[in-house]
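Encoded as C-alpha cells, the structure appears first; notes follow it.
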Amino acid sequence: MSTQSLNAVGVGMFTRGKPQIMERSDWLVRWVCVAYCVAALCTIVLPVGALFLRSLNNADGVYVGLQNYLTYFGTSALFDSFLNSLLVSLVTATIVVPMAFAYAYGLLRTCMPFKSFFRGVALIPLLIPGVLKAIALVYLFGNQGLLREWLFGHPLYGPIGIVGASVIWTFPFAVLIMLTALQHVDQRLYHAAAVLKTSAWRTFLHVTWPSCRYGVTTAFLVVTVSVFTDFGIAKVIGGDFRVLATDIYKEVVGQQNFEMGAVISVMLLIPAILVFLLERRVASKQVAQFTGRSLPYTPKPSAWRDAVFLGWCVAVTVFIASVLGMAQFASLVKFWPYNLSLTFSHYQFEIEGVGWMNFSNSLWMATLAASFGTLIVFIGAYVVEKARRDIGLRKALQMLMLLPMAIPGLVLGLAYLIFINTPGNPAGWLYGGMAILVISTVTHLYSVPHLTCLTALKGLDREIEAVGLSLNTSVTRMLTQVTLPVCLAALLDVWLYIFLCAMTTLSAVIFLYSSDTKLASIAVIHIDETGRVASAAAMAMLLVYVCLAVRLAHHLIAQKVLRKFQPWRTS
C-alpha cells in the first residue's frame with residue numbers, strides 16, 4: 001500500500017463521520033470516560049453540593065433557607081471581611097502585574113545579560129511556602145524588624161503585610177503568564193513601524209500592547225482570585241484585619257459553626273467562579289498573533305533600555321533574596337533581636353504535637369500525590385483528546401476537569417470535611433487519613449496539569465496514530481512507544497508541579513488531617529500560633545530545602561530521560 005493510501009485510510013478513521021465498527025479500544029475508552037465522570041462527581045460536585053446544602057441548614061440540621069445568609073449580611077464584621085478581601089486582592093494585582101510585565105519584558109524584549117539567571121530567580125518564590133514569606137516580612141518590617149522605619153510608623157500586621165507577602169507569592173504566576181504573552185509577536189510589525197518612523201510609545205500602543213493585553217488581563221484575574229482566596233498569609237500576618245479565608249477558619253475551627261463557615265465559603269466561591277468564567281471568556285477571544293509566516297522577534301541592543309531593565313531585574317532579585325535570606329537567618333538566630341548568636345535548636349521542634357514526623361508526612365503525601373496524580377491526569381487527558389467517539393461525554397468530562405480551577409482550596413477542604421462526615425456516607429473512614437489528603441490535593445491542583453497534558457497531546461498529529469491503527473498496531477503499543485515518549489517532558493513537569501504544590505499546600509488540607517497525618521505546612525501555622533516564630537521559620541525552611549533538591553534532581557533526570565527518549569529536543 002502506498003504512503004498516500006495509508007494516510008488516507010488513517011485520516012478517514014478520524015473524520016467527523018462515526019467509525020463503522022466499535023472496536024475494543026473504543027469500549028475501553030468509553031468506560032474510562034464514565035469512570036472519570038463518576039470520580040469527578042464524587043470528588044468535586046457532591047462535596048461542593050453538600051457544602052451549599054449545609055449553608056441552608058441550622059446547627060440541628062433543619063432547613064432554614066437563606067436565613068444564614070441574612071445573618072451573614074446583617075453582621076457588619078462578617079460582611080466587612082468580604083470588602084477587605086476584595087481590597088487586598090485588587091491592590092496586590094495592581095502592584096504585581098506591572099512588576100511582572102516589566103520583568104518579563106526585560107527577559108524577552110531587551111539584550112540585557114544574565115537572562116537565564118533572572119528567569120530562574122523569578123520562579124524561586126514558587127518553592128517558598130506563603131507562610132514563610134509572611135514570617136520573613138515580620139523579621140524585616142515588623143515591630144522589631146530590621147527595616148521597620150521604612151513603613152513610616154504604619155503597622156505591618158494588617159493590609160500592608162498581606163499585600164506585601166502576596167506580591168512575593170503571586171509574582172511568579174504573573175511572570176509566567178507575561179512570558180507567554182510577550183513571546184509571540186511578529187518581527188515584521190516592528191520593521192514596519194521603524195520604516196514609518198513611528199515613535200517608541202506609539203509602537204508599544206499599536207504593536208506590543210495588542211499582542212499581550214489578553215495576557216495582562218489574565219494575569220490580573222489570576223492574581224486577584226489567588227489573593228482573594230488565600231488563607232496562610234492572612235493567618236500569619238493579617239493581625240486583626242479580617243478577610244474571608246480567616247473567617248472560615250475561625251468559624252469552623254474556633255467556634256465549630258459549620259453552617260456559617262459554609263455560608264462564608266459560598267461567598268468566597270462565587271467571586272472565584274465569576275473570575276474564572278471571565279478569564280475563560282477573555283482567553284476564548286484571544287486571536288493568534290504569530291502565524292506560519294511570522295518572524296520571531298529579535299531585540300536590538302539599546303544601552304539605556306537594557307540598563308534600565310537590568311536594574312529592575314536586579315532590584316527584584318535582591319528583594320527575593322533578602323526575603324529568603326531573612327527567613328533562613330530567622331530560623332538560626334537564638335532569640336531575635338536580643339541574642340543573634342546562631343543555633344540549630346529551632347530545628348528540634350520541642351513542641352507538643354509538632355516534630356519531624358510532620359515533615360515526613362509532607363514528603364510522603366507529596367510523593368503519593370505527584371505519582372498517582374500524574375498518572376490519573378494523563379489518562380484523563382488522553383481519553384478527552386484522543387478518543388474517537390462519545391464527543392458529548394468527553395466535553396462534559398472536560399468541563400468537570402476544569403472545575404477545580406474555580407474552587408478555592410479552603411472551600412474544597414471544608415466541602416470534603418462536611419461531605420465525608422455526612423451520616424451514612426460510606427467514605428467517612430477516609431477522614432484524617434493520608435488518602436483524603438492526597439485526594440483533596442490532587443483534586444485541588446488537577447486543572448493546570450490537565451491543561452498541560454492536553455497541550456502535549458494536541459502536539460501529536462492524529463495522522464501518526466491513524467497510520468499505527470491502519471497497521472493493526474495495538475492501542476497499548478501506540479501509547480507506550482509513540483504517545484508517552486512525545487509527552488514525556490510534559491509528564492515530568494506535571495509531576496514536579498504537583499509535588500512542589502503538595503509540599504507547600506495548606507488551604508486544601510487544613511480541615512482534613514489528624515494528629516498522625518499533620519503536614520509540615522499545617523505545623524508551621526500551629527507553631528506560629530504558639531509565638532515560636534523562629535521554629536515556624538525552621539519548619540518552613542525544611543520545605544524549601546526539599547523543593548530546591550527535588551527541582552535540581554528533576555532537572556538532571558529530565559535531561560537524561562529526554563536525551564534517551566526525545567533526542568530531537570537535545571540535539
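By order in the C-alpha cells, chains are A, B, ...; within a chain, residues start at 1; ligands start at 1, following the order shown.
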Residues near stretch 321-326 of chain A, cut-off 10 Å, only C-alpha atoms, skip fewer than 5 positions along chain, as a list of chain:residue names: A:Val121, A:Ile124, A:Pro125, A:Ile128, A:Leu132, A:Lys133, A:Ala134, A:Ile135, A:Ala136, A:Leu137, A:Val138, A:Tyr139, A:Leu140, A:Leu146, A:Ala165, A:Ile168, A:Ala315, A:Val316, A:Ser331, A:Leu332, A:Ala537, A:Met541, A:Val544
Writer output for current selection, C-alpha atoms, as a short mmCIF file (atom, residue, chain, number, x, y, z; two decimals), in the first residue's frame:
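part-v4.cif was written with the following content:
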data_model
loop_
_atom_site.label_atom_id
_atom_site.label_comp_id
_atom_site.auth_asym_id
_atom_site.auth_seq_id
_atom_site.Cartn_x
_atom_site.Cartn_y
_atom_site.Cartn_z
CA VAL A 121 15.11 33.78 40.11
CA ILE A 124 12.12 30.88 43.37
CA PRO A 125 9.02 32.16 45.27
CA ILE A 128 8.80 29.10 49.31
CA LEU A 132 7.39 31.69 55.25
CA LYS A 133 7.18 34.84 53.11
CA ALA A 134 4.95 36.39 55.76
CA ILE A 135 7.35 35.37 58.56
CA ALA A 136 10.30 36.88 56.66
CA LEU A 137 8.43 40.17 56.29
CA VAL A 138 7.77 40.19 60.04
CA TYR A 139 11.53 39.98 60.68
CA LEU A 140 12.20 42.68 58.09
CA LEU A 146 15.48 45.44 60.65
CA ALA A 165 3.60 38.87 51.20
CA ILE A 168 6.01 37.95 46.51
CA ALA A 315 16.21 45.02 42.27
CA VAL A 316 13.59 42.24 42.18
CA SER A 331 15.44 30.03 61.76
CA LEU A 332 19.02 30.10 63.07
CA ALA A 537 10.53 29.50 60.07
CA MET A 541 12.74 26.20 55.55
CA VAL A 544 12.25 24.99 50.87
#
Backbone-only DSSP, alpha helix (DSSP H) members of stretch 209-293 of chain A, as JSON, numbers by chain: {"A": [209, 210, 211, 212, 213, 214, 215, 216, 217, 218, 219, 220, 221, 222, 223, 224, 225, 226, 227, 228, 232, 233, 234, 235, 236, 237, 244, 245, 246, 247, 248, 249, 258, 259, 260, 261, 262, 263, 264, 265, 266, 267, 268, 269, 270, 271, 272, 273, 274, 275, 276, 277, 278, 279, 280, 281, 282, 283, 284, 285]}
Those in stretch 326-425 of chain A with strand (DSSP E or B) from DSSP, as a VMD selection string: chain A and resid 333 to 335 339 to 342 351 354
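Coordinates place atom CA of A:Leu244 at a distance of 9.0 Å from atom CA of A:Asp80.
Counting only C-alpha atoms, stretch 58-65 of chain A has the following residues at most 12 Å away, ignoring those fewer than 3 positions along the same chain: Phe52, Leu53, Arg54, Ser55, Asn68, Tyr69, Leu70, Thr71, Gln255, Gln256, Asn257, Phe258, Glu259, Met260, Gly261, Ala262, Val263, Thr422 and Pro423 of chain A.
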Since we have the selection now, will you write its residues out, keeping N, CA, C and O atoms, as a PDB file, in the first residue's frame?
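Just written: selection.pdb:
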ATOM      1  N   PHE A  52     -22.975  23.574  50.018  1.00  0.00           N
ATOM      2  CA  PHE A  52     -24.063  24.525  49.776  1.00  0.00           C
ATOM      3  C   PHE A  52     -25.306  24.161  50.585  1.00  0.00           C
ATOM      4  O   PHE A  52     -25.960  25.040  51.170  1.00  0.00           O
ATOM      5  N   LEU A  53     -25.635  22.879  50.643  1.00  0.00           N
ATOM      6  CA  LEU A  53     -26.806  22.465  51.422  1.00  0.00           C
ATOM      7  C   LEU A  53     -26.608  22.750  52.904  1.00  0.00           C
ATOM      8  O   LEU A  53     -27.558  23.125  53.598  1.00  0.00           O
ATOM      9  N   ARG A  54     -25.377  22.585  53.396  1.00  0.00           N
ATOM     10  CA  ARG A  54     -25.098  22.866  54.816  1.00  0.00           C
ATOM     11  C   ARG A  54     -25.314  24.343  55.121  1.00  0.00           C
ATOM     12  O   ARG A  54     -25.729  24.700  56.232  1.00  0.00           O
ATOM     13  N   SER A  55     -25.061  25.210  54.147  1.00  0.00           N
ATOM     14  CA  SER A  55     -25.265  26.640  54.372  1.00  0.00           C
ATOM     15  C   SER A  55     -26.746  27.004  54.479  1.00  0.00           C
ATOM     16  O   SER A  55     -27.080  28.104  54.930  1.00  0.00           O
ATOM     17  N   ASN A  68     -29.340  31.874  57.122  1.00  0.00           N
ATOM     18  CA  ASN A  68     -27.912  32.025  57.439  1.00  0.00           C
ATOM     19  C   ASN A  68     -27.266  33.134  56.617  1.00  0.00           C
ATOM     20  O   ASN A  68     -26.398  33.867  57.116  1.00  0.00           O
ATOM     21  N   TYR A  69     -27.692  33.289  55.365  1.00  0.00           N
ATOM     22  CA  TYR A  69     -27.143  34.356  54.520  1.00  0.00           C
ATOM     23  C   TYR A  69     -27.622  35.722  54.994  1.00  0.00           C
ATOM     24  O   TYR A  69     -26.863  36.704  54.952  1.00  0.00           O
ATOM     25  N   LEU A  70     -28.880  35.808  55.450  1.00  0.00           N
ATOM     26  CA  LEU A  70     -29.371  37.066  56.008  1.00  0.00           C
ATOM     27  C   LEU A  70     -28.605  37.444  57.263  1.00  0.00           C
ATOM     28  O   LEU A  70     -28.296  38.625  57.483  1.00  0.00           O
ATOM     29  N   THR A  71     -28.284  36.430  58.060  1.00  0.00           N
ATOM     30  CA  THR A  71     -27.471  36.685  59.260  1.00  0.00           C
ATOM     31  C   THR A  71     -26.083  37.182  58.874  1.00  0.00           C
ATOM     32  O   THR A  71     -25.537  38.099  59.507  1.00  0.00           O
ATOM     33  N   GLN A 255     -15.059  28.150  66.506  1.00  0.00           N
ATOM     34  CA  GLN A 255     -16.401  28.152  67.070  1.00  0.00           C
ATOM     35  C   GLN A 255     -17.238  26.933  66.686  1.00  0.00           C
ATOM     36  O   GLN A 255     -18.390  26.822  67.119  1.00  0.00           O
ATOM     37  N   GLN A 256     -16.683  26.053  65.839  1.00  0.00           N
ATOM     38  CA  GLN A 256     -17.410  24.864  65.383  1.00  0.00           C
ATOM     39  C   GLN A 256     -18.751  25.223  64.753  1.00  0.00           C
ATOM     40  O   GLN A 256     -19.721  24.469  64.828  1.00  0.00           O
ATOM     41  N   ASN A 257     -18.801  26.386  64.129  1.00  0.00           N
ATOM     42  CA  ASN A 257     -20.013  26.856  63.460  1.00  0.00           C
ATOM     43  C   ASN A 257     -19.893  26.514  61.977  1.00  0.00           C
ATOM     44  O   ASN A 257     -19.529  27.348  61.145  1.00  0.00           O
ATOM     45  N   PHE A 258     -20.203  25.276  61.647  1.00  0.00           N
ATOM     46  CA  PHE A 258     -20.044  24.808  60.277  1.00  0.00           C
ATOM     47  C   PHE A 258     -21.026  25.486  59.320  1.00  0.00           C
ATOM     48  O   PHE A 258     -20.725  25.655  58.138  1.00  0.00           O
ATOM     49  N   GLU A 259     -22.205  25.862  59.817  1.00  0.00           N
ATOM     50  CA  GLU A 259     -23.194  26.480  58.960  1.00  0.00           C
ATOM     51  C   GLU A 259     -22.704  27.845  58.463  1.00  0.00           C
ATOM     52  O   GLU A 259     -22.764  28.143  57.269  1.00  0.00           O
ATOM     53  N   MET A 260     -22.210  28.677  59.379  1.00  0.00           N
ATOM     54  CA  MET A 260     -21.702  29.983  58.963  1.00  0.00           C
ATOM     55  C   MET A 260     -20.411  29.835  58.166  1.00  0.00           C
ATOM     56  O   MET A 260     -20.147  30.607  57.243  1.00  0.00           O
ATOM     57  N   GLY A 261     -19.603  28.823  58.511  1.00  0.00           N
ATOM     58  CA  GLY A 261     -18.413  28.555  57.708  1.00  0.00           C
ATOM     59  C   GLY A 261     -18.774  28.204  56.281  1.00  0.00           C
ATOM     60  O   GLY A 261     -18.102  28.621  55.326  1.00  0.00           O
ATOM     61  N   ALA A 262     -19.876  27.448  56.109  1.00  0.00           N
ATOM     62  CA  ALA A 262     -20.339  27.102  54.765  1.00  0.00           C
ATOM     63  C   ALA A 262     -20.845  28.332  54.023  1.00  0.00           C
ATOM     64  O   ALA A 262     -20.617  28.487  52.819  1.00  0.00           O
ATOM     65  N   VAL A 263     -21.540  29.218  54.743  1.00  0.00           N
ATOM     66  CA  VAL A 263     -22.032  30.446  54.118  1.00  0.00           C
ATOM     67  C   VAL A 263     -20.869  31.295  53.616  1.00  0.00           C
ATOM     68  O   VAL A 263     -20.872  31.784  52.473  1.00  0.00           O
ATOM     69  N   THR A 422     -20.852  13.356  56.540  1.00  0.00           N
ATOM     70  CA  THR A 422     -22.312  13.257  56.477  1.00  0.00           C
ATOM     71  C   THR A 422     -22.751  11.872  56.952  1.00  0.00           C
ATOM     72  O   THR A 422     -22.189  10.860  56.523  1.00  0.00           O
ATOM     73  N   PRO A 423     -23.736  11.788  57.860  1.00  0.00           N
ATOM     74  CA  PRO A 423     -24.181  10.464  58.350  1.00  0.00           C
ATOM     75  C   PRO A 423     -24.586   9.551  57.209  1.00  0.00           C
ATOM     76  O   PRO A 423     -25.316   9.948  56.296  1.00  0.00           O
TER      77      PRO A 423
END
Distance query A:Asp306 at most 9 Å, only C-alpha atoms, self and fewer than 4 positions along chain excluded, as a ChimeraX atom specification: /A:106,110-113,301-302,310-311
Could you please take those selected residues and save C-alpha atoms as a short mmCIF file (atom, residue, chain, number, x, y, z; two decimals), in the first residue's frame?
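Below is the file again-v3.cif, written as the result:
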data_model
loop_
_atom_site.label_atom_id
_atom_site.label_comp_id
_atom_site.auth_asym_id
_atom_site.auth_seq_id
_atom_site.Cartn_x
_atom_site.Cartn_y
_atom_site.Cartn_z
CA GLY A 106 13.33 42.67 30.17
CA THR A 110 15.91 43.51 25.64
CA CYS A 111 19.53 42.44 25.22
CA MET A 112 20.39 42.65 28.91
CA PRO A 113 22.81 39.97 30.23
CA PRO A 301 20.84 46.38 21.72
CA SER A 302 19.97 49.67 23.40
CA LEU A 310 18.72 45.08 34.09
CA GLY A 311 18.47 47.36 37.10
#
So which residues touch A:Ala181 within 8 Å, counting only C-alpha atoms, skipping near sequence neighbours fewer than 4 positions away, as a PDB file with all heavy atoms, in the first residue's frame?
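Writing done, so here's out.pdb:
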ATOM      1  N   ILE A 177       2.815  34.054  32.996  1.00  0.00           N
ATOM      2  CA  ILE A 177       1.777  34.439  32.046  1.00  0.00           C
ATOM      3  C   ILE A 177       2.299  35.519  31.101  1.00  0.00           C
ATOM      4  O   ILE A 177       2.056  35.489  29.886  1.00  0.00           O
ATOM      5  CB  ILE A 177       0.524  34.925  32.793  1.00  0.00           C
ATOM      6  CG1 ILE A 177      -0.082  33.774  33.605  1.00  0.00           C
ATOM      7  CG2 ILE A 177      -0.509  35.473  31.816  1.00  0.00           C
ATOM      8  CD1 ILE A 177      -1.227  34.189  34.493  1.00  0.00           C
ATOM      9  N   SER A 211      -0.712  42.553  21.312  1.00  0.00           N
ATOM     10  CA  SER A 211      -0.262  41.161  21.351  1.00  0.00           C
ATOM     11  C   SER A 211      -0.226  40.587  22.758  1.00  0.00           C
ATOM     12  O   SER A 211      -0.155  39.371  22.922  1.00  0.00           O
ATOM     13  CB  SER A 211       1.129  41.042  20.718  1.00  0.00           C
ATOM     14  OG  SER A 211       2.093  41.718  21.508  1.00  0.00           O
ATOM     15  N   CYS A 212      -0.276  41.446  23.772  1.00  0.00           N
ATOM     16  CA  CYS A 212      -0.126  40.930  25.142  1.00  0.00           C
ATOM     17  C   CYS A 212      -1.231  41.380  26.089  1.00  0.00           C
ATOM     18  O   CYS A 212      -1.203  41.023  27.267  1.00  0.00           O
ATOM     19  CB  CYS A 212       1.229  41.348  25.718  1.00  0.00           C
ATOM     20  SG  CYS A 212       1.427  43.133  25.919  1.00  0.00           S
ATOM     21  N   ARG A 213      -2.220  42.130  25.598  1.00  0.00           N
ATOM     22  CA  ARG A 213      -3.232  42.657  26.514  1.00  0.00           C
ATOM     23  C   ARG A 213      -4.072  41.547  27.146  1.00  0.00           C
ATOM     24  O   ARG A 213      -4.488  41.664  28.311  1.00  0.00           O
ATOM     25  CB  ARG A 213      -4.141  43.645  25.790  1.00  0.00           C
ATOM     26  CG  ARG A 213      -4.883  43.076  24.592  1.00  0.00           C
ATOM     27  CD  ARG A 213      -5.647  44.161  23.859  1.00  0.00           C
ATOM     28  NE  ARG A 213      -6.284  43.634  22.652  1.00  0.00           N
ATOM     29  CZ  ARG A 213      -6.930  44.406  21.783  1.00  0.00           C
ATOM     30  NH1 ARG A 213      -7.021  45.707  21.991  1.00  0.00           N
ATOM     31  NH2 ARG A 213      -7.494  43.855  20.712  1.00  0.00           N
ATOM     32  N   TYR A 214      -4.309  40.464  26.391  1.00  0.00           N
ATOM     33  CA  TYR A 214      -5.072  39.359  26.976  1.00  0.00           C
ATOM     34  C   TYR A 214      -4.264  38.666  28.061  1.00  0.00           C
ATOM     35  O   TYR A 214      -4.824  38.232  29.075  1.00  0.00           O
ATOM     36  CB  TYR A 214      -5.473  38.373  25.884  1.00  0.00           C
ATOM     37  CG  TYR A 214      -6.503  38.928  24.924  1.00  0.00           C
ATOM     38  CD1 TYR A 214      -6.159  39.229  23.606  1.00  0.00           C
ATOM     39  CD2 TYR A 214      -7.806  39.168  25.337  1.00  0.00           C
ATOM     40  CE1 TYR A 214      -7.095  39.749  22.727  1.00  0.00           C
ATOM     41  CE2 TYR A 214      -8.738  39.691  24.461  1.00  0.00           C
ATOM     42  CZ  TYR A 214      -8.387  39.978  23.163  1.00  0.00           C
ATOM     43  OH  TYR A 214      -9.326  40.505  22.301  1.00  0.00           O
ATOM     44  N   GLY A 215      -2.954  38.584  27.870  1.00  0.00           N
ATOM     45  CA  GLY A 215      -2.101  38.023  28.912  1.00  0.00           C
ATOM     46  C   GLY A 215      -2.097  38.880  30.160  1.00  0.00           C
ATOM     47  O   GLY A 215      -2.122  38.368  31.285  1.00  0.00           O
ATOM     48  N   VAL A 216      -2.072  40.192  29.985  1.00  0.00           N
ATOM     49  CA  VAL A 216      -2.118  41.108  31.132  1.00  0.00           C
ATOM     50  C   VAL A 216      -3.440  40.962  31.877  1.00  0.00           C
ATOM     51  O   VAL A 216      -3.479  40.901  33.112  1.00  0.00           O
ATOM     52  CB  VAL A 216      -1.913  42.566  30.661  1.00  0.00           C
ATOM     53  CG1 VAL A 216      -2.140  43.543  31.804  1.00  0.00           C
ATOM     54  CG2 VAL A 216      -0.515  42.741  30.082  1.00  0.00           C
TER      55      VAL A 216
END
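Among the candidates A:Leu268, A:Ala523, A:Val561, A:Ala100, the one nearest to A:Ile351 when counting only C-alpha atoms is A:Ala523.
Going from atom CA of A:Ala122 to atom CA of A:Ala381 covers 29.1 Å.
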Using only C-alpha atoms, tabulate the residues of stretch 386-456 of chain A lying at most 12 Å from any atom of stretch 490-501 of chain A, each with its closest atom pair and that distance in Å to one decimal, by chain and increasing residue number, as a tab-separated table.
residue	atom	partner	partner_atom	distance
A:Gly409	CA	A:Cys501	CA	11.8
A:Val438	CA	A:Ile498	CA	10.7
A:Thr441	CA	A:Ile498	CA	8.5
A:Val442	CA	A:Ile498	CA	7.5
A:Thr443	CA	A:Ile498	CA	10.6
A:His444	CA	A:Ile498	CA	10.0
A:Leu445	CA	A:Ile498	CA	6.9
A:Tyr446	CA	A:Ile498	CA	8.6
A:Ser447	CA	A:Val494	CA	10.9
A:Val448	CA	A:Val494	CA	8.6
A:Pro449	CA	A:Val494	CA	5.5
A:His450	CA	A:Val494	CA	8.6
A:Leu451	CA	A:Val494	CA	10.0
A:Thr452	CA	A:Ala490	CA	6.6
A:Cys453	CA	A:Ala490	CA	6.3
A:Leu454	CA	A:Ala490	CA	9.5
A:Thr455	CA	A:Ala490	CA	8.8
A:Ala456	CA	A:Ala490	CA	6.4
Could those selected residues go to a file with N, CA and C atoms, as a compact mmCIF listing (two decimals), in the first residue's frame?
# COMPACT_ATOMS: atom_id res chain seq x y z
N GLY A 409 -9.03 26.43 47.46
CA GLY A 409 -8.62 25.27 48.25
C GLY A 409 -9.32 25.19 49.59
N VAL A 438 -4.29 13.16 50.05
CA VAL A 438 -3.83 13.00 48.66
C VAL A 438 -4.96 13.33 47.69
N THR A 441 -5.67 17.09 47.59
CA THR A 441 -4.57 17.83 46.95
C THR A 441 -4.59 17.65 45.45
N VAL A 442 -4.75 16.41 44.99
CA VAL A 442 -4.79 16.15 43.55
C VAL A 442 -5.99 16.85 42.91
N THR A 443 -7.14 16.78 43.57
CA THR A 443 -8.33 17.44 43.04
C THR A 443 -8.13 18.95 42.96
N HIS A 444 -7.56 19.52 44.01
CA HIS A 444 -7.34 20.97 44.05
C HIS A 444 -6.39 21.43 42.94
N LEU A 445 -5.38 20.62 42.63
CA LEU A 445 -4.36 21.00 41.65
C LEU A 445 -4.65 20.47 40.26
N TYR A 446 -5.77 19.80 40.05
CA TYR A 446 -5.98 18.99 38.85
C TYR A 446 -5.96 19.79 37.54
N SER A 447 -6.56 20.96 37.50
CA SER A 447 -6.84 21.64 36.24
C SER A 447 -5.58 22.02 35.47
N VAL A 448 -4.59 22.59 36.16
CA VAL A 448 -3.37 23.02 35.47
C VAL A 448 -2.61 21.84 34.87
N PRO A 449 -2.35 20.74 35.61
CA PRO A 449 -1.73 19.58 34.97
C PRO A 449 -2.55 19.01 33.82
N HIS A 450 -3.87 19.04 33.96
CA HIS A 450 -4.72 18.53 32.88
C HIS A 450 -4.53 19.34 31.61
N LEU A 451 -4.50 20.66 31.71
CA LEU A 451 -4.29 21.50 30.55
C LEU A 451 -2.89 21.30 29.98
N THR A 452 -1.93 21.05 30.85
CA THR A 452 -0.56 20.79 30.38
C THR A 452 -0.50 19.52 29.54
N CYS A 453 -1.08 18.45 30.07
CA CYS A 453 -1.10 17.18 29.31
C CYS A 453 -1.92 17.31 28.03
N LEU A 454 -3.00 18.05 28.09
CA LEU A 454 -3.84 18.23 26.92
C LEU A 454 -3.06 18.95 25.82
N THR A 455 -2.29 19.96 26.21
CA THR A 455 -1.47 20.69 25.24
C THR A 455 -0.43 19.78 24.61
N ALA A 456 0.20 18.93 25.43
CA ALA A 456 1.20 18.00 24.90
C ALA A 456 0.58 16.99 23.94
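For the atom pair formed by atom CA of A:Asp230 and atom CA of A:Phe117, the distance is 29.1 Å, given to one decimal.
Using only C-alpha atoms, the nearest neighbour of A:Gly49 within the list A:Val243, A:His555, A:Phe419, A:Tyr103 is A:Phe419.
Distance annotation: of A:Leu342, A:Ala40, A:Val411, A:Ile233, the residue with the minimal separation from A:Leu269 is A:Val411; atom set is only C-alpha atoms.
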Spatial neighbours of A:Ser89, 7 Å, only C-alpha atoms, chain gap at least 6 places, as a list in words: Thr224, Val227 and Phe228 of chain A
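In terms of minimum interatomic distance to A:Val45, A:Met399 ranks closest within A:Met399, A:Ala489, A:Leu393, A:Ala520, counting only C-alpha atoms.
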Test item: residues at most 12 Å from A:Tyr545, only C-alpha atoms, excluding those fewer than 6 positions along its chain, as a PyMOL selection string: chain A and resi 124+127-129+324+328+359+363+500+503-504+538-539+551-552
